[in-house]
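Visitor: Next comes work09.json, JSON, C-alpha atoms:
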```json
[["chain", "number", "residue", "atom", "x", "y", "z"],
["A", 202, "MET", "CA", -8.39, 14.44, -13.09],
["A", 203, "LEU", "CA", -10.27, 11.20, -13.69],
["A", 204, "LEU", "CA", -12.34, 11.89, -10.59],
["A", 205, "THR", "CA", -13.20, 15.35, -11.91],
["A", 206, "VAL", "CA", -14.36, 13.92, -15.24],
["A", 207, "LEU", "CA", -16.41, 11.28, -13.43],
["A", 208, "LEU", "CA", -18.05, 13.92, -11.23],
["A", 209, "MET", "CA", -18.83, 16.07, -14.27],
["A", 210, "CYS", "CA", -20.43, 13.08, -15.99],
["A", 211, "LEU", "CA", -22.46, 12.30, -12.87],
["A", 212, "PHE", "CA", -23.52, 15.91, -12.65],
["A", 213, "ALA", "CA", -24.58, 15.98, -16.30],
["A", 214, "ALA", "CA", -26.52, 12.72, -15.98],
["A", 215, "ALA", "CA", -28.16, 13.55, -12.65],
["A", 216, "ARG", "CA", -31.37, 15.41, -12.11],
["A", 217, "HIS", "CA", -30.80, 19.11, -11.60],
["A", 218, "ASP", "CA", -32.25, 18.95, -8.09],
["A", 219, "GLY", "CA", -30.50, 15.68, -7.12],
["A", 220, "PRO", "CA", -27.75, 14.93, -4.62],
["A", 221, "ALA", "CA", -24.96, 15.46, -7.19],
["A", 222, "ARG", "CA", -25.99, 19.08, -7.67],
["A", 223, "ARG", "CA", -26.21, 19.60, -3.93],
["A", 224, "TRP", "CA", -22.76, 18.10, -3.39],
["A", 225, "LEU", "CA", -21.06, 19.90, -6.29],
["A", 226, "VAL", "CA", -22.81, 23.29, -6.20],
["A", 227, "GLU", "CA", -24.84, 24.02, -3.09],
["A", 228, "VAL", "CA", -22.48, 22.72, -0.38],
["A", 229, "PRO", "CA", -19.40, 24.63, -1.69],
["A", 230, "ALA", "CA", -21.56, 27.76, -2.15],
["A", 231, "GLU", "CA", -22.79, 27.51, 1.45],
["A", 232, "ARG", "CA", -19.24, 27.11, 2.75],
["A", 233, "LEU", "CA", -17.99, 30.07, 0.69],
["A", 234, "ALA", "CA", -20.88, 32.21, 1.92],
["A", 235, "ALA", "CA", -20.07, 31.28, 5.52],
["A", 236, "MET", "CA", -16.37, 32.12, 5.12],
["A", 237, "THR", "CA", -15.03, 34.81, 7.43],
["A", 238, "PRO", "CA", -12.38, 37.35, 6.32],
["A", 239, "ARG", "CA", -9.83, 35.51, 8.49],
["A", 240, "ASN", "CA", -10.57, 32.22, 6.66],
["A", 241, "ALA", "CA", -10.38, 33.99, 3.29],
["A", 242, "VAL", "CA", -6.89, 35.35, 4.10],
["A", 243, "ALA", "CA", -5.80, 31.89, 5.29],
["A", 244, "LEU", "CA", -7.11, 30.34, 2.06],
["A", 245, "MET", "CA", -5.28, 32.93, -0.07],
["A", 246, "LEU", "CA", -2.03, 32.25, 1.82],
["A", 247, "LEU", "CA", -2.49, 28.53, 1.41],
["A", 248, "LEU", "CA", -3.11, 28.91, -2.32],
["A", 249, "ALA", "CA", -0.02, 31.13, -2.63],
["A", 250, "ILE", "CA", 2.20, 28.69, -0.73],
["A", 251, "ALA", "CA", 0.87, 25.52, -2.37],
["A", 252, "PRO", "CA", 3.01, 25.69, -5.58],
["A", 253, "LEU", "CA", 6.17, 26.32, -3.56],
["A", 254, "ALA", "CA", 5.34, 23.52, -1.15],
["A", 255, "GLY", "CA", 4.73, 21.26, -4.12],
["A", 256, "GLN", "CA", 8.19, 22.02, -5.48],
["A", 257, "VAL", "CA", 9.70, 21.13, -2.12],
["A", 258, "ILE", "CA", 7.66, 17.96, -1.65],
["A", 259, "LEU", "CA", 8.00, 16.53, -5.18],
["A", 260, "PRO", "CA", 11.62, 15.33, -4.80],
["A", 261, "GLU", "CA", 10.73, 13.66, -1.51],
["A", 262, "MET", "CA", 7.75, 12.00, -3.13],
["A", 263, "ALA", "CA", 10.01, 10.74, -5.93],
["A", 264, "TRP", "CA", 12.23, 9.08, -3.31],
["A", 265, "ILE", "CA", 9.20, 7.52, -1.65],
["A", 266, "LEU", "CA", 7.96, 6.21, -5.00],
["A", 267, "ALA", "CA", 11.40, 4.80, -5.83],
["A", 268, "LEU", "CA", 11.63, 3.07, -2.45],
["A", 269, "ASP", "CA", 8.09, 1.75, -2.84],
["A", 270, "LEU", "CA", 8.94, 0.30, -6.24],
["A", 271, "ALA", "CA", 12.13, -1.21, -4.86],
["A", 272, "ALA", "CA", 10.16, -2.80, -2.04],
["A", 273, "TRP", "CA", 7.72, -4.39, -4.50],
["A", 274, "ILE", "CA", 10.64, -5.68, -6.58],
["A", 275, "GLU", "CA", 12.13, -7.19, -3.42],
["A", 276, "VAL", "CA", 8.80, -8.86, -2.64],
["A", 277, "GLY", "CA", 8.73, -10.31, -6.15],
["A", 278, "VAL", "CA", 12.31, -11.57, -5.84],
["A", 279, "ALA", "CA", 11.55, -13.12, -2.45],
["A", 280, "ALA", "CA", 8.47, -14.87, -3.86],
["A", 281, "THR", "CA", 10.50, -16.20, -6.79],
["A", 282, "VAL", "CA", 13.29, -17.46, -4.53],
["A", 283, "MET", "CA", 10.82, -19.13, -2.19],
["A", 284, "ALA", "CA", 9.07, -20.79, -5.14],
["A", 285, "ARG", "CA", 12.42, -22.19, -6.25],
["A", 286, "LEU", "CA", 13.36, -23.32, -2.74],
["A", 287, "VAL", "CA", 10.16, -25.21, -1.93],
["A", 288, "PRO", "CA", 11.26, -28.49, -3.61],
["A", 289, "ALA", "CA", 14.68, -28.27, -1.94],
["A", 290, "TRP", "CA", 13.02, -27.51, 1.40],
["A", 291, "LYS", "CA", 10.83, -30.62, 1.09],
["A", 292, "GLY", "CA", 13.91, -32.75, 0.48],
["A", 293, "LEU", "CA", 15.76, -31.10, 3.36],
["A", 294, "ARG", "CA", 12.81, -31.67, 5.66],
["A", 295, "ALA", "CA", 12.62, -35.36, 4.69],
["A", 296, "GLY", "CA", 16.36, -35.74, 5.30],
["A", 297, "ALA", "CA", 16.05, -34.04, 8.70],
["A", 298, "ALA", "CA", 13.16, -36.36, 9.62],
["A", 299, "ARG", "CA", 15.29, -39.40, 8.73],
["A", 300, "LEU", "CA", 18.16, -38.04, 10.79],
["A", 301, "VAL", "CA", 15.91, -37.46, 13.82],
["A", 302, "ARG", "CA", 14.41, -40.94, 13.53],
["A", 303, "ALA", "CA", 17.90, -42.45, 13.38],
["A", 304, "ALA", "CA", 19.03, -40.43, 16.40],
["A", 305, "VAL", "CA", 15.97, -41.31, 18.49],
["A", 306, "ARG", "CA", 16.06, -45.03, 17.63],
["A", 307, "PRO", "CA", 17.17, -47.00, 20.65],
["A", 308, "ALA", "CA", 20.75, -48.14, 20.50],
["A", 309, "GLY", "CA", 21.39, -51.86, 20.11],
["A", 310, "ARG", "CA", 23.17, -53.88, 22.77],
["A", 311, "ALA", "CA", 26.84, -53.24, 23.03],
["A", 312, "ARG", "CA", 28.93, -56.09, 21.70],
["A", 313, "ARG", "CA", 31.68, -57.53, 23.63],
["A", 314, "GLY", "CA", 35.00, -56.91, 22.10],
["A", 315, "PRO", "CA", 37.73, -59.54, 21.81],
["A", 316, "ALA", "CA", 39.45, -60.15, 25.07]]
```
Is it possible to give me this structure as structure tokens?
Guide:
Amino acid sequence: MLLTVLLMCLFAAARHDGPARRWLVEVPAERLAAMTPRNAVALMLLLAIAPLAGQVILPEMAWILALDLAAWIEVGVAATVMARLVPAWKGLRAGAARLVRAAVRPAGRARRGPA
């Protein structure tokens, strides 16, 4: 609907022989004039079926919208969790680096035990 209002405003502001008039008036008129009876019947069938198809598709689209919203919520939760885990991860990484350095350090000489 917003696009329609925008196009109407462009059409009103444009020159009457400009590209907006050609796109909104002349091109559709040429296509309608070139329409064959077969295409006209197909268009009438499509326009008759469109409301029924819309009623069938709307529930599916509601599911898609709900899943899309759930996915964005999951992305937000994941970002929040990662933001909270970054300080802990830095500490864990430092601890792992200390552990690796201690494991790689060459072992000292073995001491002789009491005989």
Visitor: Go through A:Ile258, A:Leu225, A:Ala298, A:Ala271 one by one, measure the shortest atom-to-atom distance of each to Cys210 in chain A using only C-alpha atoms, and give the residue with the smallest value.
Guide: A:Leu225
Visitor: Calculate how many Å separate CA of Arg285 in chain A from CA of Asp269 in chain A, rounding to one decimal.
Guide: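 Computed distance, CA of Arg285 in chain A to CA of Asp269 in chain A, equals 24.6 Å.
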Visitor: Once 5 Å is added on each side, what centre and edge lengths in Å to one decimal does the axis-aligned box around all listed atoms of range 297-303 of chain A have, as JSON?
Guide:
```
{"center_x": 15.7, "center_y": -38.2, "center_z": 11.3, "size_x": 15.0, "size_y": 18.4, "size_z": 15.1}
```
Visitor: Between CA of Ala249 in chain A and CA of Leu204 in chain A, what is the spacing in Å?
Guide: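 Separating CA of Leu204 in chain A from CA of Ala249 in chain A is a distance of 24.2 Å.
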